[in-house]
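Printed here is target30.txt (compact mmCIF, C-alpha atoms):
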```
# COMPACT_ATOMS: atom_id res chain seq x y z
CA MET A 257 132.06 78.53 98.12
CA SER A 258 129.23 80.06 100.14
CA GLN A 259 126.13 81.22 98.33
CA ALA A 260 125.92 84.93 97.50
CA PRO A 261 123.61 86.84 99.86
CA ARG A 262 120.17 87.61 98.48
CA ILE A 263 118.56 91.02 98.98
CA ALA A 264 115.02 91.74 97.80
CA ILE A 265 113.77 95.31 97.96
CA ILE A 266 109.99 95.49 97.75
CA GLY A 267 108.92 99.05 97.01
CA GLY A 268 106.35 100.89 94.96
CA PRO A 269 103.16 102.74 95.86
CA THR A 270 101.14 102.64 99.04
CA ALA A 271 98.24 100.14 99.12
CA SER A 272 99.82 98.00 96.40
CA GLY A 273 100.31 94.90 98.56
CA LYS A 274 103.96 95.22 99.61
CA THR A 275 103.39 93.66 103.04
CA ALA A 276 101.81 90.47 101.68
CA LEU A 277 104.56 90.04 99.09
CA SER A 278 107.31 90.65 101.64
CA ILE A 279 105.89 88.06 104.03
CA ALA A 280 105.55 85.45 101.28
CA LEU A 281 109.13 85.98 100.15
CA ALA A 282 110.53 86.07 103.71
CA GLN A 283 108.79 82.79 104.44
CA LYS A 284 110.17 81.28 101.24
CA TRP A 285 113.71 82.35 102.10
CA GLY A 286 113.39 81.93 105.88
CA CYS A 287 114.75 85.44 106.43
CA HIS A 288 113.91 88.74 108.14
CA ILE A 289 111.84 91.65 106.82
CA VAL A 290 113.50 95.04 107.37
CA ASN A 291 111.28 98.11 107.27
CA ALA A 292 111.93 100.77 104.61
CA ASP A 293 108.94 103.02 105.38
CA SER A 294 109.78 106.34 107.02
CA ARG A 295 106.50 106.44 108.96
CA GLN A 296 106.29 102.86 110.18
CA VAL A 297 109.42 103.38 112.28
CA TYR A 298 107.37 105.31 114.86
CA THR A 299 106.09 103.60 118.00
CA GLU A 300 102.94 105.69 118.34
CA LEU A 301 101.70 105.40 114.74
CA HIS A 302 99.69 102.38 113.69
CA ILE A 303 96.48 102.70 111.70
CA GLY A 304 97.39 105.84 109.79
CA VAL A 305 100.67 104.37 108.52
CA ALA A 306 99.22 100.94 107.67
CA LYS A 307 101.68 99.22 109.98
CA PRO A 308 101.53 95.41 109.68
CA THR A 309 98.96 93.69 111.89
CA LYS A 310 99.82 91.38 114.81
CA GLU A 311 99.15 88.42 112.53
CA GLU A 312 101.46 89.80 109.85
CA PHE A 313 104.22 90.52 112.36
CA ALA A 314 103.90 86.94 113.61
CA ALA A 315 104.22 85.50 110.09
CA ALA A 316 107.92 86.42 109.74
CA PRO A 317 110.65 88.21 111.75
CA HIS A 318 110.32 91.99 111.34
CA ARG A 319 112.95 94.64 112.07
CA LEU A 320 112.85 98.46 112.49
CA PHE A 321 109.08 98.70 112.88
CA GLY A 322 107.84 100.99 115.66
CA HIS A 323 111.21 101.38 117.36
CA VAL A 324 111.37 105.20 117.42
CA SER A 325 109.22 107.73 119.28
CA ILE A 326 107.60 110.54 117.33
CA GLN A 327 109.39 112.90 119.73
CA GLU A 328 112.80 111.74 118.45
CA GLU A 329 114.65 113.16 115.46
CA TYR A 330 114.85 110.53 112.73
CA ASN A 331 116.28 110.83 109.24
CA ALA A 332 117.64 108.86 106.29
CA GLU A 333 121.19 108.85 107.65
CA ARG A 334 120.15 107.24 110.94
CA TYR A 335 117.91 104.83 109.07
CA ALA A 336 120.75 103.72 106.80
CA GLN A 337 122.95 102.87 109.77
CA GLU A 338 120.22 100.96 111.61
CA ALA A 339 119.06 99.16 108.47
CA SER A 340 122.64 98.23 107.64
CA GLN A 341 122.98 96.44 110.98
CA ALA A 342 119.58 94.72 110.65
CA LEU A 343 120.37 93.63 107.10
CA ARG A 344 123.77 92.25 108.07
CA GLU A 345 122.28 90.27 110.95
CA SER A 346 119.59 88.73 108.74
CA ILE A 347 122.11 87.78 106.05
CA ALA A 348 124.53 86.35 108.63
CA GLU A 349 121.72 84.22 110.07
CA THR A 350 119.80 83.22 106.92
CA GLY A 351 121.78 84.29 103.86
CA ALA A 352 119.01 86.64 102.73
CA VAL A 353 116.90 89.64 103.67
CA VAL A 354 113.75 91.36 102.44
CA LEU A 355 113.59 95.16 102.58
CA CYS A 356 109.99 96.40 102.41
CA GLY A 357 108.69 99.96 102.19
CA GLY A 358 107.91 102.82 99.88
CA THR A 359 110.36 105.47 101.11
CA GLY A 360 112.75 105.76 98.21
CA LEU A 361 115.07 108.17 100.01
CA TYR A 362 115.66 105.67 102.84
CA ILE A 363 116.30 102.83 100.41
CA ARG A 364 118.74 104.95 98.45
CA ALA A 365 120.56 106.00 101.63
CA LEU A 366 121.07 102.33 102.51
CA MET A 367 121.89 101.00 99.05
CA GLU A 368 123.88 103.93 97.66
CA GLY A 369 124.93 105.95 100.72
CA MET A 370 124.30 109.51 101.84
CA ASN A 371 125.91 112.35 99.94
CA GLU A 372 127.86 115.08 101.69
CA LEU A 373 125.32 117.85 101.27
CA PRO A 374 126.13 121.53 101.81
CA GLN A 375 125.21 123.06 105.15
CA PRO A 376 122.96 126.08 104.61
CA SER A 377 124.12 129.40 105.94
CA GLU A 378 122.14 131.19 108.63
CA ALA A 379 121.00 133.74 106.05
CA VAL A 380 119.56 131.01 103.78
CA GLN A 381 117.86 129.33 106.72
CA LYS A 382 116.22 132.61 107.67
CA GLN A 383 115.07 133.20 104.08
CA VAL A 384 113.48 129.76 103.90
CA GLN A 385 111.81 130.18 107.29
CA TYR A 386 110.46 133.58 106.21
CA CYS A 387 109.07 132.02 103.02
CA PHE A 388 107.26 129.37 105.06
CA ASP A 389 106.01 131.79 107.72
CA GLN A 390 104.64 134.21 105.13
CA HIS A 391 103.35 131.87 102.45
CA GLY A 392 103.04 128.45 104.02
CA ILE A 393 103.48 125.17 102.18
CA VAL A 394 102.21 126.71 98.93
CA GLY A 395 104.99 129.28 99.05
CA LEU A 396 107.58 126.58 99.67
CA ARG A 397 106.25 124.58 96.75
CA LYS A 398 106.44 127.54 94.37
CA ALA A 399 109.96 128.46 95.48
CA ILE A 400 111.19 124.87 95.10
CA MET A 401 109.70 124.46 91.64
CA ALA A 402 111.19 127.77 90.57
CA ALA A 403 114.64 126.60 91.68
CA ASP A 404 114.27 123.02 90.45
CA PRO A 405 111.34 122.14 88.14
CA LEU A 406 112.04 118.41 88.56
CA ALA A 407 112.13 118.50 92.36
CA HIS A 408 108.68 116.89 92.62
CA GLU A 409 110.15 113.63 91.29
CA ARG A 410 112.35 113.31 94.37
CA LEU A 411 110.55 115.24 97.07
CA ASP A 412 107.37 114.82 99.10
CA MET A 413 105.75 118.14 98.22
CA PHE A 414 103.31 117.86 101.12
CA ASN A 415 105.92 117.52 103.88
CA PRO A 416 106.94 121.03 105.04
CA GLN A 417 110.01 119.84 106.97
CA ARG A 418 111.53 118.09 103.97
CA MET A 419 110.50 120.94 101.69
CA GLN A 420 112.26 123.49 103.87
CA ARG A 421 115.41 121.37 103.94
CA ALA A 422 115.28 120.92 100.17
CA LEU A 423 114.82 124.64 99.56
CA GLU A 424 117.79 125.38 101.82
CA LEU A 425 119.90 122.99 99.73
CA LEU A 426 118.68 124.45 96.45
CA TRP A 427 119.33 128.05 97.45
CA GLU A 428 122.65 127.32 99.15
CA SER A 429 124.12 125.19 96.35
CA GLY A 430 122.53 126.59 93.22
CA GLN A 431 122.24 122.99 92.01
CA SER A 432 119.20 120.79 91.37
CA LEU A 433 118.29 117.96 93.75
CA ASN A 434 119.28 115.46 91.05
CA GLU A 435 122.74 117.02 90.81
CA LEU A 436 123.14 117.08 94.59
CA TYR A 437 122.07 113.48 95.14
CA GLN A 438 124.01 112.06 92.20
CA GLN A 439 127.33 113.05 93.72
CA LYS A 440 129.51 110.11 94.73
CA ALA A 441 128.62 108.43 98.02
CA GLU A 442 129.34 105.02 99.56
CA SER A 443 126.73 102.60 100.81
CA PRO A 444 127.11 101.40 104.43
CA ILE A 445 126.71 97.88 103.01
CA ALA A 446 129.08 98.37 100.05
CA ASP A 447 131.09 95.29 101.01
CA LEU A 448 127.98 93.07 100.90
CA LEU A 449 126.75 94.49 97.62
CA THR A 450 129.91 93.38 95.82
CA ASP A 451 128.67 89.79 95.74
CA ALA A 452 124.99 90.08 96.63
CA GLN A 453 122.10 89.24 94.34
CA VAL A 454 119.89 92.33 94.58
CA ASP A 455 116.38 92.58 93.14
CA TYR A 456 114.13 95.61 93.26
CA LEU A 457 110.50 94.47 93.11
CA ALA A 458 107.16 96.28 92.99
CA LEU A 459 103.58 95.24 92.34
CA ASN A 460 102.10 96.76 89.22
CA TRP A 461 98.44 97.85 89.24
CA ASP A 462 96.64 99.92 86.64
CA ARG A 463 95.98 103.39 88.00
CA GLU A 464 92.21 103.00 88.37
CA THR A 465 92.58 99.80 90.39
CA LEU A 466 95.35 101.24 92.56
CA TYR A 467 93.28 104.33 93.34
CA ASP A 468 90.32 102.12 94.22
CA ARG A 469 92.55 100.18 96.62
CA ILE A 470 93.72 103.46 98.16
CA HIS A 471 90.15 104.65 98.68
CA LYS A 472 89.15 101.37 100.29
CA ARG A 473 92.20 101.44 102.54
CA CYS A 474 91.34 104.97 103.71
CA ASP A 475 87.78 103.87 104.46
CA SER A 476 89.01 100.80 106.35
CA MET A 477 91.40 102.97 108.38
CA MET A 478 88.46 105.04 109.56
CA GLU A 479 86.53 101.90 110.44
CA ALA A 480 89.57 100.60 112.35
CA GLY A 481 89.66 103.69 114.58
CA LEU A 482 91.98 106.20 112.92
CA LEU A 483 90.09 109.10 114.49
CA ASP A 484 90.79 107.73 117.97
CA GLU A 485 94.47 107.38 117.07
CA VAL A 486 94.55 110.96 115.80
CA SER A 487 92.81 112.22 118.94
CA SER A 488 95.47 110.59 121.12
CA LEU A 489 98.13 112.43 119.10
CA LEU A 490 96.58 115.91 119.21
CA PRO A 491 99.04 117.18 121.85
CA TYR A 492 101.87 116.28 119.46
CA GLN A 493 100.39 117.50 116.20
CA HIS A 494 103.15 120.08 115.80
CA LEU A 495 105.88 117.42 115.60
CA ASN A 496 107.59 116.79 112.27
CA ALA A 497 106.76 113.09 112.39
CA LEU A 498 103.05 113.95 112.20
CA GLN A 499 103.25 116.33 109.24
CA THR A 500 102.13 113.57 106.95
CA VAL A 501 99.20 112.16 104.99
CA GLY A 502 96.61 110.44 107.12
CA TYR A 503 97.18 112.66 110.14
CA THR A 504 97.27 116.31 109.04
CA GLU A 505 93.82 116.01 107.44
CA TRP A 506 92.28 114.66 110.65
CA PHE A 507 94.06 117.21 112.83
CA ASP A 508 92.31 119.82 110.69
CA TYR A 509 89.03 117.99 111.27
CA ARG A 510 89.57 117.84 115.04
CA ASN A 511 90.52 121.53 114.99
CA ARG A 512 87.26 122.26 113.10
CA LEU A 513 89.02 123.52 109.98
CA MET A 514 87.09 121.09 107.76
CA ASN A 515 84.20 118.66 108.07
CA TYR A 516 84.39 114.87 108.06
CA ARG A 517 83.70 114.43 104.35
CA GLU A 518 86.22 117.11 103.41
CA ALA A 519 88.90 115.50 105.59
CA LEU A 520 88.27 112.02 104.17
CA ASP A 521 88.30 113.29 100.59
CA LYS A 522 91.50 115.23 101.27
CA MET A 523 93.13 112.16 102.79
CA LYS A 524 92.26 110.09 99.73
CA GLN A 525 93.49 112.83 97.37
CA ASN A 526 96.79 113.27 99.21
CA THR A 527 97.33 109.51 99.34
CA ARG A 528 96.76 109.23 95.59
CA ARG A 529 99.31 111.99 95.03
CA TYR A 530 101.78 110.27 97.30
CA ALA A 531 101.32 106.96 95.47
CA LYS A 532 101.92 108.70 92.14
CA ARG A 533 105.23 110.09 93.41
CA GLN A 534 106.23 106.66 94.68
CA VAL A 535 105.56 105.09 91.28
CA THR A 536 107.63 107.80 89.59
CA TRP A 537 110.52 107.27 92.02
CA PHE A 538 110.66 103.49 91.68
CA LYS A 539 110.40 103.69 87.91
CA ASN A 540 113.03 106.38 87.47
CA GLN A 541 115.46 105.91 90.35
CA PHE A 542 115.73 102.13 90.80
CA PRO A 543 116.00 99.17 88.37
CA THR A 544 112.60 97.95 89.51
CA ARG A 545 111.01 94.76 88.24
CA TRP A 546 107.25 95.37 88.13
CA ILE A 547 105.35 92.19 88.93
CA PRO A 548 101.73 91.84 87.70
CA ALA A 549 99.92 92.52 90.97
CA ASP A 550 96.90 90.36 90.26
CA ARG A 551 98.95 87.28 89.29
CA TRP A 552 102.09 87.13 91.41
CA GLN A 553 100.89 84.32 93.66
CA GLU A 554 99.76 82.16 90.73
CA ASP A 555 102.75 82.87 88.50
CA ARG A 556 105.31 82.25 91.29
CA LEU A 557 107.25 85.31 90.15
CA PHE A 558 109.75 84.92 92.98
CA LEU A 559 113.49 84.86 92.87
CA PRO A 560 114.99 81.35 92.65
```

Translate the structure of the given file into structure tokens.
Amino acid sequence: MSQAPRIAIIGGPTASGKTALSIALAQKWGCHIVNADSRQVYTELHIGVAKPTKEEFAAAPHRLFGHVSIQEEYNAERYAQEASQALRESIAETGAVVLCGGTGLYIRALMEGMNELPQPSEAVQKQVQYCFDQHGIVGLRKAIMAADPLAHERLDMFNPQRMQRALELLWESGQSLNELYQQKAESPIADLLTDAQVDYLALNWDRETLYDRIHKRCDSMMEAGLLDEVSSLLPYQHLNALQTVGYTEWFDYRNRLMNYREALDKMKQNTRRYAKRQVTWFKNQFPTRWIPADRWQEDRLFLP
């Protein structure tokens, strides 16, 4: 009897050390690492998304990193199909795979499938667009929270594209996001999951230490040339792929809407908020095993 396939999903907050853990486990198993970060899929984004370094890429086979242009439309449904193929190929070759990334929606789309969500009417779309045009992201946030007070647990409340889509769903369906996403769906890898050993892993830091790591990462990104990367992307700043932490703050700086210190502080604040949402997601939505972050290498807290 062949051994059951092994799937490790390394999630949790940004700056927690997911990349290092994924490489160590992939080397132990001799398998591939499949990306599960919605921003690291883009070819043009590097420093601001903390994409693995050349040395890290060379340490183990990596899949679905930097394979999509920011000018393409990319979503959880497309990710699930691409990740399904990458996962199957790794398992066929090695018997195992490591999924690494903090985008809970993408991981859920792969592991649990995409729900058949209602298509918003033209009238609802116009109402949502009017809300955004008149009141901006703050208006979207207020409207979403009024319709679904728990929406912040599932939704990136700093991403206007996703917020508009969520508000369309809320207004069209009259249901909460939890109700919509808990409807029955089928994973594109349902046949593999029948026998697979699946482990959701995350590195556990106390909040003060995690925030310190986030601040240091932001500082190191600036030292590594994030401003130059942002400058090269200025002609594309309107694209949905760039409406994200680490870029919007520096577009504002380049457009003279805030000074350097304000932009850096805002980047750190928005990253902390993002990390907090990631922790909430992986604690509430997945059966995550939280590994002591400062001891995992010594304690050999790997799967057998």

Practice task
Could you give me, as an MDAnalysis selection string, the residues that sit within 12 Å of (122.2, 90.1, 94.2) in the file's coordinates, counting all atoms listed in the file?
Solution key: chainID A and resid 259:265 351:354 367 448:456 559:560

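Closest approach to Leu433 (chain A) among A:Asp447, A:Pro374, A:Glu464, A:Gly395 is made by A:Pro374 (distances from all atoms listed in the file).
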
Practice task
Kindly indicate which residue among A:Leu498, A:Ile266, A:Met514, A:Leu366 lies nearest to Val305 (chain A), using only C-alpha atoms for the distances.
Solution key: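 The answer is A:Leu498, which sits nearest to Val305 (chain A).
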
Practice task
Return the single residue from A:Gln381, A:Ser429, A:Ser488, A:Asn496 that is closest to His302 (chain A), with distances computed using only C-alpha atoms.
Solution key: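 That would be A:Ser488, the residue with the smallest distance to His302 (chain A).
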
Exercise for the section: Could you tell me which of A:Asn540, A:Asn511, A:Ser487, A:Ser377 comes closest to Trp427 (chain A) if we count all atoms listed in the file? Expected result: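 Comparing A:Asn540, A:Asn511, A:Ser487, A:Ser377 against Trp427 (chain A), the winner is A:Ser377.
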
Problem - Shell of 10 Å around Lys522 (chain A), all atoms listed in the file, local chain residues under 3 positions omitted, as a list in words - result: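 Here the qualifying residues turn out to be Val501, Gly502, Thr504, Glu505, Trp506, Met514, Tyr516, Arg517, Glu518, Ala519, Gln525, Asn526, Thr527 and Arg528 of chain A.
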
Store the residues of this selection in a file with C-alpha atoms, as a PDB file, in the frame of the given file.
```pdb
ATOM      1  CA  VAL A 501      99.200 112.160 104.990  1.00  0.00           C
ATOM      2  CA  GLY A 502      96.610 110.440 107.120  1.00  0.00           C
ATOM      3  CA  THR A 504      97.270 116.310 109.040  1.00  0.00           C
ATOM      4  CA  GLU A 505      93.820 116.010 107.440  1.00  0.00           C
ATOM      5  CA  TRP A 506      92.280 114.660 110.650  1.00  0.00           C
ATOM      6  CA  MET A 514      87.090 121.090 107.760  1.00  0.00           C
ATOM      7  CA  TYR A 516      84.390 114.870 108.060  1.00  0.00           C
ATOM      8  CA  ARG A 517      83.700 114.430 104.350  1.00  0.00           C
ATOM      9  CA  GLU A 518      86.220 117.110 103.410  1.00  0.00           C
ATOM     10  CA  ALA A 519      88.900 115.500 105.590  1.00  0.00           C
ATOM     11  CA  GLN A 525      93.490 112.830  97.370  1.00  0.00           C
ATOM     12  CA  ASN A 526      96.790 113.270  99.210  1.00  0.00           C
ATOM     13  CA  THR A 527      97.330 109.510  99.340  1.00  0.00           C
ATOM     14  CA  ARG A 528      96.760 109.230  95.590  1.00  0.00           C
TER      15      ARG A 528
END
```

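Counting all atoms listed in the file and comparing A:Glu372, A:Glu312, A:Asp508, A:Asp293, the residue that lies closest to Tyr335 (chain A) is A:Asp293.
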
Handout entry: Distance of CA of Phe538 (chain A) from CA of Lys472 (chain A), expressed in Å to one decimal place
Key = 23.3 Å

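The residue set within 9 Å of region 338-341 of chain A, counting all atoms listed in the file and dropping same-chain residues fewer than 6 places from it, reads Val290, Asn291, Ala292, Arg319, Leu320, Leu355, Leu366, Pro444 and Ile445 of chain A.
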
Handout entry: For Gly268 (chain A): contacts at 7 Å, all atoms listed in the file, fewer than 3 positions along chain excluded, given as a ChimeraX atom specification
Key = /A:358,458-459,534-535,538

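Taking only C-alpha atoms into account, Ala332 (chain A) lies nearest to A:Met370 out of the set A:Met370, A:Leu489, A:Leu520, A:Leu466.
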
Met413 (chain A) environment, 12 Å, all atoms listed in the file, sequence neighbours closer than 3 positions dropped, as a CSV table (one decimal) with C-alpha atoms, in the frame of the given file:
```csv
chain,number,residue,atom,x,y,z
A,393,ILE,CA,103.5,125.2,102.2
A,394,VAL,CA,102.2,126.7,98.9
A,395,GLY,CA,105.0,129.3,99.0
A,396,LEU,CA,107.6,126.6,99.7
A,397,ARG,CA,106.2,124.6,96.8
A,398,LYS,CA,106.4,127.5,94.4
A,399,ALA,CA,110.0,128.5,95.5
A,400,ILE,CA,111.2,124.9,95.1
A,401,MET,CA,109.7,124.5,91.6
A,406,LEU,CA,112.0,118.4,88.6
A,407,ALA,CA,112.1,118.5,92.4
A,408,HIS,CA,108.7,116.9,92.6
A,409,GLU,CA,110.2,113.6,91.3
A,410,ARG,CA,112.4,113.3,94.4
A,416,PRO,CA,106.9,121.0,105.0
A,417,GLN,CA,110.0,119.8,107.0
A,418,ARG,CA,111.5,118.1,104.0
A,419,MET,CA,110.5,120.9,101.7
A,420,GLN,CA,112.3,123.5,103.9
A,421,ARG,CA,115.4,121.4,103.9
A,422,ALA,CA,115.3,120.9,100.2
A,423,LEU,CA,114.8,124.6,99.6
A,499,GLN,CA,103.2,116.3,109.2
A,500,THR,CA,102.1,113.6,107.0
A,501,VAL,CA,99.2,112.2,105.0
A,526,ASN,CA,96.8,113.3,99.2
A,529,ARG,CA,99.3,112.0,95.0
A,530,TYR,CA,101.8,110.3,97.3
A,532,LYS,CA,101.9,108.7,92.1
A,533,ARG,CA,105.2,110.1,93.4
```

Exercise for the section: Just the residues within 12 Å of Asp462 (chain A), please, counting all atoms listed in the file, with nothing from its chain fewer than 2 positions along; format it as a list in words. Expected result: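 Here the answer would be Pro269, Ser272, Leu459, Asn460, Glu464, Thr465, Leu466, Tyr467, Asp468, Arg469, Lys532, Val535, Trp546, Ile547, Pro548, Ala549 and Asp550 of chain A.
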